[in-house]
2 protein chains.
Amino acid sequence: MIAAQRPTIGVFDSGVGGLTVLRALLNRIPGANYLYFGDTARLPYGSKSAATVAHYAVGAVRYLQDQGAELLVIACNTATALALDEIKAAASVEVIGVVEPGAEAAAAASHKKKVVVIGTEATISSHAYQRALEVRKIAVREKACPLFVPLVEEGWVEHPVTEQVARIYLSEAFAGDAGDFNADVLVLGCTHYPLIKPLLRRVAPEHVAIVDSAESTAQEVARLLEDPSSSKNRELVAASMIKFFATDSAEKFRKMGSRFLGLPVEDVVHVDLKE
Amino acid sequence: MIAAQRPTIGVFDSGVGGLTVLRALLNRIPGANYLYFGDTARLPYGSKSAATVAHYAVGAVRYLQDQGAELLVIACNTATALALDEIKAAASVEVIGVVEPGAEAAAAASHKKKVVVIGTEATISSHAYQRALEVRKIAVREKACPLFVPLVEEGWVEHPVTEQVARIYLSEAFAGDAGDFNADVLVLGCTHYPLIKPLLRRVAPEHVAIVDSAESTAQEVARLLEDPSSSKNRELVAASMIKFFATDSAEKFRKMGSRFLGLPVEDVVHVDLKE
C-alpha cells in the first residue's frame, strides 16, 4: 500500500480554502503525492455546530484514507478547532491540524507575548487558538471576521470594500471596546485569508507580524517527513501527483480552486458521501 | 389527518431567510398552523449545484409532509429556482415556490416592462426569474449579489459597508458595462434581502418600485386558501401554532431566527436528515 518513495498526503477542507495549505505544501514538499478533498456540497463549516462539523470531517478523512492517504492534513481551521480529537480518533494514520502549527509560529514570533487571532465565527467561538496560545504563555485576543470569506470568494481581494471591512475588524481587534491590546502578531486563522494577506499587511499596525497558519502547517508537515525517526521519512523526488475530490460540482471546484492554489486545478472527481 | 379548521402550512428554506416569508404569511394568514424547516446544517444553498440542492430540498419537504404539512411553501429562492419541479414531483400536496409569485407581482408593477432581479449566485445563474418574466413579456436584467447574505447575517443591515456594496451591485444592474437598463422594478430574489429593503430603497433609483418575493408569495398562498374551489379553503381562526425544525444547532437557529421573523423564535427541534 505504501509507496516506496513518495508519501501520499491527504489534505482536507470544507471547500477550496485549504488549497492555500496545499500550495504551501507543494512549495515545501514538491515530491509528495497529494489527495485533496473539498467538502464543497456542505460548506461553509464556519457557521455550523461542532457536532455537525465533526460528523462531516470524519466522513471525509475516512474517504481520503480509503484512497491511500498515509498522512492527513486538516487544512481547515474550523474542522481543526471543532473536531481534531474526533478526527484523530477515527483515523489510523497521523493527523496534523492547522491550529497547533499556527499557534507555535505565533508564539515564537511574538516578543510582547500578545497575539491577535482572526478567523470564522466557529473557529473563534471554539477558542482553540486561545487555548493553544495560552499554554504557551501568550495573551490572546480573538476576533471573528465572517465577511472575509465571502469577500475573497467574490474576488474582491484588492477592493476598497474589503479594505474598509478589514479596517473595522482589525481596529476592533487591536483597539476596540475592550480597550487597546498591544499585540505584535496577527494570526490568519482561516485558510481563505492568505489571499488578502497583502491588504491585511497594509491595514494592520505596521509593527505587527503576520503569521499564516497555512505556511506554518506546511513547515510542520515537512519537519515530520524529514524526521529520521519518523516512518514517514522518505527520499522525495520532484513532480507531485495531485488528485482533487469535491462533494459539489467538479466544474465549480476547478474554477474557484485555481485562484486559491495559484495553479490550474485539473482532475477533479465528484464524490457523493453518504451521511 | 387534515385539521377541520386550520390548514397546516409547511415552510421550507435552507436557513433562517425563509422566516421573512413566514412573517409575511403570519401577517396574511394569522390563523394557520405553521411548520418551518431550516436546513441550517447544509446552508447556504446559493453556492451549490442544482443536483445537490434538489437532493437536500426533497428530503426536507418529505420531512415536512411526514409532520403533517398540507401545503408546502418553498421559501427559498435558490431551491425554487433549481429544484421546484423535483420538489413537486416528490410531494403529494400542493407546492408554491417564491419565483412565480415574485415574477407575477413584478410584471404587474412594471409599466416599462423592464425589471431588474437580484439574488444569490445560484438563483441568478439558474435564470428562473428571467424565464418567468420573459413569458410575461418583460425584459430582464439579472444581477448576483453574493455579499448581501453574509452582510445581513453579520447584522450590518444599516451599515456604510452594506450601502457601498449595494451601490456597486445596483449600479452594475441598472447601468453597468452592458449599458443602461431603464427598469422601473427591482425584484428582491432572495429571502434575506427584505432585511435591507430600507437601505436598498435609498440606493435604488427613485422611480424604481421594489417587489419583495416573500410578500408576493404570502399573497399567493392567501389567495389559494381563500379560493372557494380549493380544498385548502378554510375558515381561519386567529392565533397560529408555529413549530421550527433545524438541521444544525437549535440554539443558533433561535438566536438568528428572531431577527428574520421579527418575533421570538421558540420551540426549535433539531432534526438529523439522513442523505
# chains A, B, ... in the order shown; residues from 1 in each chain; ligands from 1
>>> calpha_fit_and_write(fixed="chain B", moving="chain A", output="PDB file with C-alpha atoms, in the first residue's frame")
ATOM      1  CA  MET A   1     -55.076  13.873   9.337  1.00  0.00           C
ATOM      2  CA  ILE A   2     -56.423  17.180   8.042  1.00  0.00           C
ATOM      3  CA  ALA A   3     -57.467  19.631  10.731  1.00  0.00           C
ATOM      4  CA  ALA A   4     -61.054  20.749  10.515  1.00  0.00           C
ATOM      5  CA  GLN A   5     -60.379  24.444  10.587  1.00  0.00           C
ATOM      6  CA  ARG A   6     -56.710  25.281  10.394  1.00  0.00           C
ATOM      7  CA  PRO A   7     -54.562  24.370   7.431  1.00  0.00           C
ATOM      8  CA  THR A   8     -51.040  23.265   8.291  1.00  0.00           C
ATOM      9  CA  ILE A   9     -48.580  25.098   6.068  1.00  0.00           C
ATOM     10  CA  GLY A  10     -45.061  23.717   5.723  1.00  0.00           C
ATOM     11  CA  VAL A  11     -42.442  26.374   5.020  1.00  0.00           C
ATOM     12  CA  PHE A  12     -39.023  25.298   3.837  1.00  0.00           C
ATOM     13  CA  ASP A  13     -35.733  27.183   3.481  1.00  0.00           C
ATOM     14  CA  SER A  14     -32.032  26.399   3.626  1.00  0.00           C
ATOM     15  CA  GLY A  15     -31.749  28.528   6.754  1.00  0.00           C
ATOM     16  CA  VAL A  16     -33.403  31.447   8.493  1.00  0.00           C
ATOM     17  CA  GLY A  17     -34.027  33.606   5.396  1.00  0.00           C
ATOM     18  CA  GLY A  18     -37.388  31.939   4.748  1.00  0.00           C
ATOM     19  CA  LEU A  19     -38.581  33.371   8.054  1.00  0.00           C
ATOM     20  CA  THR A  20     -39.220  36.609   6.128  1.00  0.00           C
ATOM     21  CA  VAL A  21     -41.727  34.567   4.089  1.00  0.00           C
ATOM     22  CA  LEU A  22     -43.181  33.093   7.297  1.00  0.00           C
ATOM     23  CA  ARG A  23     -43.498  36.621   8.670  1.00  0.00           C
ATOM     24  CA  ALA A  24     -45.429  37.684   5.554  1.00  0.00           C
ATOM     25  CA  LEU A  25     -47.593  34.548   5.839  1.00  0.00           C
ATOM     26  CA  LEU A  26     -48.360  35.260   9.514  1.00  0.00           C
ATOM     27  CA  ASN A  27     -49.481  38.762   8.558  1.00  0.00           C
ATOM     28  CA  ARG A  28     -51.757  37.492   5.796  1.00  0.00           C
ATOM     29  CA  ILE A  29     -52.929  34.184   7.285  1.00  0.00           C
ATOM     30  CA  PRO A  30     -52.603  34.493  11.049  1.00  0.00           C
ATOM     31  CA  GLY A  31     -54.883  31.554  11.780  1.00  0.00           C
ATOM     32  CA  ALA A  32     -52.956  28.780  10.086  1.00  0.00           C
ATOM     33  CA  ASN A  33     -50.616  26.290  11.711  1.00  0.00           C
ATOM     34  CA  TYR A  34     -47.029  26.538  10.533  1.00  0.00           C
ATOM     35  CA  LEU A  35     -44.159  24.073  10.344  1.00  0.00           C
ATOM     36  CA  TYR A  36     -40.887  25.770   9.399  1.00  0.00           C
ATOM     37  CA  PHE A  37     -37.901  23.700   8.289  1.00  0.00           C
ATOM     38  CA  GLY A  38     -34.450  25.355   8.087  1.00  0.00           C
ATOM     39  CA  ASP A  39     -31.759  23.120   6.599  1.00  0.00           C
ATOM     40  CA  THR A  40     -29.128  25.026   8.548  1.00  0.00           C
ATOM     41  CA  ALA A  41     -26.560  22.216   8.649  1.00  0.00           C
ATOM     42  CA  ARG A  42     -26.255  22.341   4.881  1.00  0.00           C
ATOM     43  CA  LEU A  43     -26.750  26.020   4.104  1.00  0.00           C
ATOM     44  CA  PRO A  44     -26.117  28.085   2.086  1.00  0.00           C
ATOM     45  CA  TYR A  45     -27.714  26.580  -0.994  1.00  0.00           C
ATOM     46  CA  GLY A  46     -26.723  29.662  -3.028  1.00  0.00           C
ATOM     47  CA  SER A  47     -23.279  28.367  -3.945  1.00  0.00           C
ATOM     48  CA  LYS A  48     -24.285  24.726  -4.577  1.00  0.00           C
ATOM     49  CA  SER A  49     -25.153  22.829  -7.739  1.00  0.00           C
ATOM     50  CA  ALA A  50     -28.729  22.081  -8.841  1.00  0.00           C
ATOM     51  CA  ALA A  51     -28.385  18.341  -8.145  1.00  0.00           C
ATOM     52  CA  THR A  52     -27.215  18.931  -4.577  1.00  0.00           C
ATOM     53  CA  VAL A  53     -29.936  21.476  -3.857  1.00  0.00           C
ATOM     54  CA  ALA A  54     -32.684  19.224  -5.284  1.00  0.00           C
ATOM     55  CA  HIS A  55     -31.463  16.292  -3.207  1.00  0.00           C
ATOM     56  CA  TYR A  56     -31.490  18.340   0.017  1.00  0.00           C
ATOM     57  CA  ALA A  57     -34.805  20.084  -0.678  1.00  0.00           C
ATOM     58  CA  VAL A  58     -36.686  16.866  -1.466  1.00  0.00           C
ATOM     59  CA  GLY A  59     -35.527  15.351   1.827  1.00  0.00           C
ATOM     60  CA  ALA A  60     -36.691  18.388   3.741  1.00  0.00           C
ATOM     61  CA  VAL A  61     -40.139  18.665   2.163  1.00  0.00           C
ATOM     62  CA  ARG A  62     -40.749  14.935   2.713  1.00  0.00           C
ATOM     63  CA  TYR A  63     -39.978  15.538   6.358  1.00  0.00           C
ATOM     64  CA  LEU A  64     -42.457  18.423   6.489  1.00  0.00           C
ATOM     65  CA  GLN A  65     -45.135  16.249   4.880  1.00  0.00           C
ATOM     66  CA  ASP A  66     -44.499  13.500   7.411  1.00  0.00           C
ATOM     67  CA  GLN A  67     -45.031  16.131  10.116  1.00  0.00           C
ATOM     68  CA  GLY A  68     -48.450  16.958   8.683  1.00  0.00           C
ATOM     69  CA  ALA A  69     -47.915  19.787   6.200  1.00  0.00           C
ATOM     70  CA  GLU A  70     -50.909  20.061   3.852  1.00  0.00           C
ATOM     71  CA  LEU A  71     -49.448  22.798   1.681  1.00  0.00           C
ATOM     72  CA  LEU A  72     -45.761  23.445   1.070  1.00  0.00           C
ATOM     73  CA  VAL A  73     -44.150  26.840   0.602  1.00  0.00           C
ATOM     74  CA  ILE A  74     -40.610  26.741  -0.769  1.00  0.00           C
ATOM     75  CA  ALA A  75     -39.447  29.920   0.964  1.00  0.00           C
ATOM     76  CA  CYS A  76     -36.031  29.768  -0.664  1.00  0.00           C
ATOM     77  CA  ASN A  77     -35.314  31.357  -4.004  1.00  0.00           C
ATOM     78  CA  THR A  78     -32.401  29.031  -4.724  1.00  0.00           C
ATOM     79  CA  ALA A  79     -34.372  25.852  -4.009  1.00  0.00           C
ATOM     80  CA  THR A  80     -37.323  27.168  -6.031  1.00  0.00           C
ATOM     81  CA  ALA A  81     -35.085  28.208  -8.913  1.00  0.00           C
ATOM     82  CA  LEU A  82     -33.092  24.987  -9.042  1.00  0.00           C
ATOM     83  CA  ALA A  83     -35.435  22.299  -7.794  1.00  0.00           C
ATOM     84  CA  LEU A  84     -39.141  23.227  -7.872  1.00  0.00           C
ATOM     85  CA  ASP A  85     -40.013  20.543 -10.441  1.00  0.00           C
ATOM     86  CA  GLU A  86     -38.231  17.826  -8.453  1.00  0.00           C
ATOM     87  CA  ILE A  87     -39.928  18.991  -5.254  1.00  0.00           C
ATOM     88  CA  LYS A  88     -43.374  18.985  -6.893  1.00  0.00           C
ATOM     89  CA  ALA A  89     -42.741  15.508  -8.273  1.00  0.00           C
ATOM     90  CA  ALA A  90     -41.755  14.238  -4.813  1.00  0.00           C
ATOM     91  CA  ALA A  91     -44.570  15.952  -2.877  1.00  0.00           C
ATOM     92  CA  SER A  92     -48.137  14.713  -2.572  1.00  0.00           C
ATOM     93  CA  VAL A  93     -49.539  18.112  -1.531  1.00  0.00           C
ATOM     94  CA  GLU A  94     -49.647  21.471  -3.298  1.00  0.00           C
ATOM     95  CA  VAL A  95     -46.264  23.253  -3.588  1.00  0.00           C
ATOM     96  CA  ILE A  96     -45.761  26.998  -4.010  1.00  0.00           C
ATOM     97  CA  GLY A  97     -42.345  28.476  -4.757  1.00  0.00           C
ATOM     98  CA  VAL A  98     -41.262  32.098  -4.458  1.00  0.00           C
ATOM     99  CA  VAL A  99     -40.252  32.721  -8.076  1.00  0.00           C
ATOM    100  CA  GLU A 100     -43.636  32.665  -9.837  1.00  0.00           C
ATOM    101  CA  PRO A 101     -45.416  34.956  -7.331  1.00  0.00           C
ATOM    102  CA  GLY A 102     -42.440  37.367  -7.418  1.00  0.00           C
ATOM    103  CA  ALA A 103     -42.365  37.395 -11.208  1.00  0.00           C
ATOM    104  CA  GLU A 104     -46.129  37.906 -11.389  1.00  0.00           C
ATOM    105  CA  ALA A 105     -46.012  40.865  -8.989  1.00  0.00           C
ATOM    106  CA  ALA A 106     -43.060  42.384 -10.846  1.00  0.00           C
ATOM    107  CA  ALA A 107     -44.797  42.069 -14.208  1.00  0.00           C
ATOM    108  CA  ALA A 108     -47.887  43.755 -12.818  1.00  0.00           C
ATOM    109  CA  ALA A 109     -45.845  46.597 -11.299  1.00  0.00           C
ATOM    110  CA  SER A 110     -43.671  47.369 -14.322  1.00  0.00           C
ATOM    111  CA  HIS A 111     -45.026  49.977 -16.734  1.00  0.00           C
ATOM    112  CA  LYS A 112     -41.837  49.987 -18.778  1.00  0.00           C
ATOM    113  CA  LYS A 113     -41.830  46.189 -18.961  1.00  0.00           C
ATOM    114  CA  LYS A 114     -38.249  46.200 -17.712  1.00  0.00           C
ATOM    115  CA  VAL A 115     -37.251  44.531 -14.453  1.00  0.00           C
ATOM    116  CA  VAL A 116     -34.007  44.034 -12.536  1.00  0.00           C
ATOM    117  CA  VAL A 117     -33.735  40.865 -10.408  1.00  0.00           C
ATOM    118  CA  ILE A 118     -31.130  40.470  -7.662  1.00  0.00           C
ATOM    119  CA  GLY A 119     -30.358  37.232  -5.823  1.00  0.00           C
ATOM    120  CA  THR A 120     -27.701  34.682  -4.910  1.00  0.00           C
ATOM    121  CA  GLU A 121     -25.259  33.326  -7.466  1.00  0.00           C
ATOM    122  CA  ALA A 122     -27.255  30.079  -7.845  1.00  0.00           C
ATOM    123  CA  THR A 123     -30.652  31.776  -8.237  1.00  0.00           C
ATOM    124  CA  ILE A 124     -29.296  34.191 -10.838  1.00  0.00           C
ATOM    125  CA  SER A 125     -27.338  31.539 -12.784  1.00  0.00           C
ATOM    126  CA  SER A 126     -30.480  29.409 -12.983  1.00  0.00           C
ATOM    127  CA  HIS A 127     -32.282  32.243 -14.872  1.00  0.00           C
ATOM    128  CA  ALA A 128     -35.532  31.097 -13.249  1.00  0.00           C
ATOM    129  CA  TYR A 129     -36.758  34.687 -12.808  1.00  0.00           C
ATOM    130  CA  GLN A 130     -35.710  35.577 -16.339  1.00  0.00           C
ATOM    131  CA  ARG A 131     -37.758  32.706 -17.767  1.00  0.00           C
ATOM    132  CA  ALA A 132     -40.755  33.529 -15.563  1.00  0.00           C
ATOM    133  CA  LEU A 133     -40.627  37.196 -16.582  1.00  0.00           C
ATOM    134  CA  GLU A 134     -39.975  36.664 -20.278  1.00  0.00           C
ATOM    135  CA  VAL A 135     -43.134  34.581 -20.676  1.00  0.00           C
ATOM    136  CA  ARG A 136     -44.870  37.670 -19.277  1.00  0.00           C
ATOM    137  CA  LYS A 137     -43.209  39.821 -21.999  1.00  0.00           C
ATOM    138  CA  ILE A 138     -40.899  41.551 -19.539  1.00  0.00           C
ATOM    139  CA  ALA A 139     -37.260  42.382 -20.360  1.00  0.00           C
ATOM    140  CA  VAL A 140     -34.956  41.322 -17.536  1.00  0.00           C
ATOM    141  CA  ARG A 141     -31.505  42.065 -16.249  1.00  0.00           C
ATOM    142  CA  GLU A 142     -30.261  39.744 -13.512  1.00  0.00           C
ATOM    143  CA  LYS A 143     -27.510  40.520 -11.024  1.00  0.00           C
ATOM    144  CA  ALA A 144     -25.964  38.164  -8.472  1.00  0.00           C
ATOM    145  CA  CYS A 145     -25.258  39.894  -5.141  1.00  0.00           C
ATOM    146  CA  PRO A 146     -23.367  37.245  -3.131  1.00  0.00           C
ATOM    147  CA  LEU A 147     -22.252  39.620  -0.371  1.00  0.00           C
ATOM    148  CA  PHE A 148     -25.744  40.636   0.753  1.00  0.00           C
ATOM    149  CA  VAL A 149     -26.452  37.399   2.655  1.00  0.00           C
ATOM    150  CA  PRO A 150     -23.260  37.504   4.780  1.00  0.00           C
ATOM    151  CA  LEU A 151     -23.734  41.250   5.367  1.00  0.00           C
ATOM    152  CA  VAL A 152     -27.281  40.647   6.633  1.00  0.00           C
ATOM    153  CA  GLU A 153     -26.090  37.734   8.765  1.00  0.00           C
ATOM    154  CA  GLU A 154     -23.348  39.972  10.207  1.00  0.00           C
ATOM    155  CA  GLY A 155     -26.196  42.255  11.279  1.00  0.00           C
ATOM    156  CA  TRP A 156     -24.956  45.142   9.121  1.00  0.00           C
ATOM    157  CA  VAL A 157     -28.409  45.951   7.775  1.00  0.00           C
ATOM    158  CA  GLU A 158     -27.893  49.717   8.144  1.00  0.00           C
ATOM    159  CA  HIS A 159     -24.147  49.963   7.709  1.00  0.00           C
ATOM    160  CA  PRO A 160     -21.971  52.112   5.423  1.00  0.00           C
ATOM    161  CA  VAL A 161     -20.227  49.000   4.056  1.00  0.00           C
ATOM    162  CA  THR A 162     -23.550  47.429   3.074  1.00  0.00           C
ATOM    163  CA  GLU A 163     -24.597  50.705   1.464  1.00  0.00           C
ATOM    164  CA  GLN A 164     -21.334  50.849  -0.512  1.00  0.00           C
ATOM    165  CA  VAL A 165     -21.765  47.230  -1.653  1.00  0.00           C
ATOM    166  CA  ALA A 166     -25.394  47.949  -2.624  1.00  0.00           C
ATOM    167  CA  ARG A 167     -24.284  50.978  -4.671  1.00  0.00           C
ATOM    168  CA  ILE A 168     -21.778  48.829  -6.557  1.00  0.00           C
ATOM    169  CA  TYR A 169     -24.216  45.982  -7.217  1.00  0.00           C
ATOM    170  CA  LEU A 170     -27.188  48.173  -8.163  1.00  0.00           C
ATOM    171  CA  SER A 171     -25.174  50.491 -10.391  1.00  0.00           C
ATOM    172  CA  GLU A 172     -23.923  47.412 -12.248  1.00  0.00           C
ATOM    173  CA  ALA A 173     -27.527  46.192 -12.529  1.00  0.00           C
ATOM    174  CA  PHE A 174     -29.140  49.439 -13.657  1.00  0.00           C
ATOM    175  CA  ALA A 175     -26.197  50.811 -15.651  1.00  0.00           C
ATOM    176  CA  GLY A 176     -23.011  48.777 -15.849  1.00  0.00           C
ATOM    177  CA  ASP A 177     -20.758  47.567 -18.644  1.00  0.00           C
ATOM    178  CA  ALA A 178     -23.709  46.205 -20.580  1.00  0.00           C
ATOM    179  CA  GLY A 179     -25.131  49.753 -20.882  1.00  0.00           C
ATOM    180  CA  ASP A 180     -28.046  51.461 -19.155  1.00  0.00           C
ATOM    181  CA  PHE A 181     -31.093  49.379 -18.426  1.00  0.00           C
ATOM    182  CA  ASN A 182     -34.020  51.630 -17.733  1.00  0.00           C
ATOM    183  CA  ALA A 183     -35.998  49.287 -15.458  1.00  0.00           C
ATOM    184  CA  ASP A 184     -38.745  50.515 -13.131  1.00  0.00           C
ATOM    185  CA  VAL A 185     -38.966  47.446 -10.877  1.00  0.00           C
ATOM    186  CA  LEU A 186     -36.383  45.751  -8.664  1.00  0.00           C
ATOM    187  CA  VAL A 187     -37.191  42.201  -7.513  1.00  0.00           C
ATOM    188  CA  LEU A 188     -35.664  41.022  -4.225  1.00  0.00           C
ATOM    189  CA  GLY A 189     -34.994  37.455  -5.332  1.00  0.00           C
ATOM    190  CA  CYS A 190     -33.554  36.271  -2.024  1.00  0.00           C
ATOM    191  CA  THR A 191     -35.339  35.922   1.302  1.00  0.00           C
ATOM    192  CA  HIS A 192     -32.502  37.651   3.173  1.00  0.00           C
ATOM    193  CA  TYR A 193     -32.981  40.873   1.258  1.00  0.00           C
ATOM    194  CA  PRO A 194     -36.189  42.148   2.943  1.00  0.00           C
ATOM    195  CA  LEU A 195     -33.966  42.982   5.947  1.00  0.00           C
ATOM    196  CA  ILE A 196     -32.048  45.532   3.842  1.00  0.00           C
ATOM    197  CA  LYS A 197     -35.111  46.782   1.974  1.00  0.00           C
ATOM    198  CA  PRO A 198     -34.930  50.286   3.561  1.00  0.00           C
ATOM    199  CA  LEU A 199     -31.275  50.571   2.552  1.00  0.00           C
ATOM    200  CA  LEU A 200     -31.984  49.272  -0.978  1.00  0.00           C
ATOM    201  CA  ARG A 201     -34.867  51.766  -1.191  1.00  0.00           C
ATOM    202  CA  ARG A 202     -32.383  54.603  -0.583  1.00  0.00           C
ATOM    203  CA  VAL A 203     -29.751  53.260  -2.984  1.00  0.00           C
ATOM    204  CA  ALA A 204     -32.009  52.179  -5.884  1.00  0.00           C
ATOM    205  CA  PRO A 205     -33.078  54.816  -8.445  1.00  0.00           C
ATOM    206  CA  GLU A 206     -36.010  56.751  -7.023  1.00  0.00           C
ATOM    207  CA  HIS A 207     -38.585  55.812  -9.668  1.00  0.00           C
ATOM    208  CA  VAL A 208     -37.944  52.081  -9.142  1.00  0.00           C
ATOM    209  CA  ALA A 209     -40.579  50.032  -7.316  1.00  0.00           C
ATOM    210  CA  ILE A 210     -39.297  47.238  -5.085  1.00  0.00           C
ATOM    211  CA  VAL A 211     -41.052  43.879  -5.294  1.00  0.00           C
ATOM    212  CA  ASP A 212     -40.413  41.523  -2.410  1.00  0.00           C
ATOM    213  CA  SER A 213     -40.928  37.854  -3.367  1.00  0.00           C
ATOM    214  CA  ALA A 214     -41.649  36.965   0.266  1.00  0.00           C
ATOM    215  CA  GLU A 215     -44.654  39.297   0.308  1.00  0.00           C
ATOM    216  CA  SER A 216     -45.853  38.197  -3.156  1.00  0.00           C
ATOM    217  CA  THR A 217     -45.668  34.555  -2.121  1.00  0.00           C
ATOM    218  CA  ALA A 218     -47.722  35.138   1.023  1.00  0.00           C
ATOM    219  CA  GLN A 219     -50.372  36.847  -1.130  1.00  0.00           C
ATOM    220  CA  GLU A 220     -50.428  33.851  -3.446  1.00  0.00           C
ATOM    221  CA  VAL A 221     -50.854  31.414  -0.547  1.00  0.00           C
ATOM    222  CA  ALA A 222     -53.664  33.557   0.908  1.00  0.00           C
ATOM    223  CA  ARG A 223     -55.369  33.667  -2.495  1.00  0.00           C
ATOM    224  CA  LEU A 224     -55.168  29.878  -2.740  1.00  0.00           C
ATOM    225  CA  LEU A 225     -56.628  29.366   0.736  1.00  0.00           C
ATOM    226  CA  GLU A 226     -59.437  31.825   0.060  1.00  0.00           C
ATOM    227  CA  ASP A 227     -60.311  30.243  -3.284  1.00  0.00           C
ATOM    228  CA  PRO A 228     -63.742  28.638  -2.736  1.00  0.00           C
ATOM    229  CA  SER A 229     -62.905  25.987  -5.339  1.00  0.00           C
ATOM    230  CA  SER A 230     -59.816  24.949  -3.430  1.00  0.00           C
ATOM    231  CA  SER A 231     -59.890  22.102  -0.959  1.00  0.00           C
ATOM    232  CA  LYS A 232     -57.537  24.238   1.139  1.00  0.00           C
ATOM    233  CA  ASN A 233     -60.229  26.845   1.766  1.00  0.00           C
ATOM    234  CA  ARG A 234     -60.898  27.005   5.512  1.00  0.00           C
ATOM    235  CA  GLU A 235     -62.507  29.289   7.949  1.00  0.00           C
ATOM    236  CA  LEU A 236     -59.405  30.650   9.632  1.00  0.00           C
ATOM    237  CA  VAL A 237     -59.236  31.456  13.282  1.00  0.00           C
ATOM    238  CA  ALA A 238     -56.618  33.607  14.929  1.00  0.00           C
ATOM    239  CA  ALA A 239     -53.509  32.570  16.885  1.00  0.00           C
ATOM    240  CA  SER A 240     -51.220  30.272  14.934  1.00  0.00           C
ATOM    241  CA  MET A 241     -49.236  27.311  16.136  1.00  0.00           C
ATOM    242  CA  ILE A 242     -45.656  27.528  14.850  1.00  0.00           C
ATOM    243  CA  LYS A 243     -43.049  24.768  15.092  1.00  0.00           C
ATOM    244  CA  PHE A 244     -39.475  25.088  13.923  1.00  0.00           C
ATOM    245  CA  PHE A 245     -37.114  22.346  12.730  1.00  0.00           C
ATOM    246  CA  ALA A 246     -33.401  22.936  12.081  1.00  0.00           C
ATOM    247  CA  THR A 247     -30.712  20.520  10.883  1.00  0.00           C
ATOM    248  CA  ASP A 248     -27.960  22.432  12.716  1.00  0.00           C
ATOM    249  CA  SER A 249     -27.967  23.753  16.298  1.00  0.00           C
ATOM    250  CA  ALA A 250     -31.410  24.708  17.609  1.00  0.00           C
ATOM    251  CA  GLU A 251     -29.836  27.403  19.769  1.00  0.00           C
ATOM    252  CA  LYS A 252     -28.195  29.149  16.801  1.00  0.00           C
ATOM    253  CA  PHE A 253     -31.445  28.967  14.864  1.00  0.00           C
ATOM    254  CA  ARG A 254     -33.308  30.555  17.762  1.00  0.00           C
ATOM    255  CA  LYS A 255     -30.856  33.449  18.037  1.00  0.00           C
ATOM    256  CA  MET A 256     -30.509  34.326  14.353  1.00  0.00           C
ATOM    257  CA  GLY A 257     -34.124  33.463  13.532  1.00  0.00           C
ATOM    258  CA  SER A 258     -35.815  36.062  15.693  1.00  0.00           C
ATOM    259  CA  ARG A 259     -34.127  38.827  13.678  1.00  0.00           C
ATOM    260  CA  PHE A 260     -35.630  37.473  10.481  1.00  0.00           C
ATOM    261  CA  LEU A 261     -39.054  36.642  11.879  1.00  0.00           C
ATOM    262  CA  GLY A 262     -39.380  39.828  13.890  1.00  0.00           C
ATOM    263  CA  LEU A 263     -40.789  37.673  16.697  1.00  0.00           C
ATOM    264  CA  PRO A 264     -39.189  35.443  19.308  1.00  0.00           C
ATOM    265  CA  VAL A 265     -38.374  32.035  17.829  1.00  0.00           C
ATOM    266  CA  GLU A 266     -39.193  29.270  20.280  1.00  0.00           C
ATOM    267  CA  ASP A 267     -39.865  25.548  20.108  1.00  0.00           C
ATOM    268  CA  VAL A 268     -36.984  24.647  17.760  1.00  0.00           C
ATOM    269  CA  VAL A 269     -36.437  20.918  17.201  1.00  0.00           C
ATOM    270  CA  HIS A 270     -33.099  19.658  15.937  1.00  0.00           C
ATOM    271  CA  VAL A 271     -33.515  17.209  13.047  1.00  0.00           C
ATOM    272  CA  ASP A 272     -30.854  14.941  11.585  1.00  0.00           C
ATOM    273  CA  LEU A 273     -31.772  14.106   7.978  1.00  0.00           C
ATOM    274  CA  LYS A 274     -30.078  11.066   6.539  1.00  0.00           C
ATOM    275  CA  GLU A 275     -28.997  11.765   2.980  1.00  0.00           C
TER     276      GLU A 275
END
>>> select_by_dssp(residues="range 33-224 of chain B", states="alpha helix (DSSP H)", output="ChimeraX atom specification")
/B:50-66,77-90,99-109,121-126,128-134,148-153,160-174,197-203,213-224
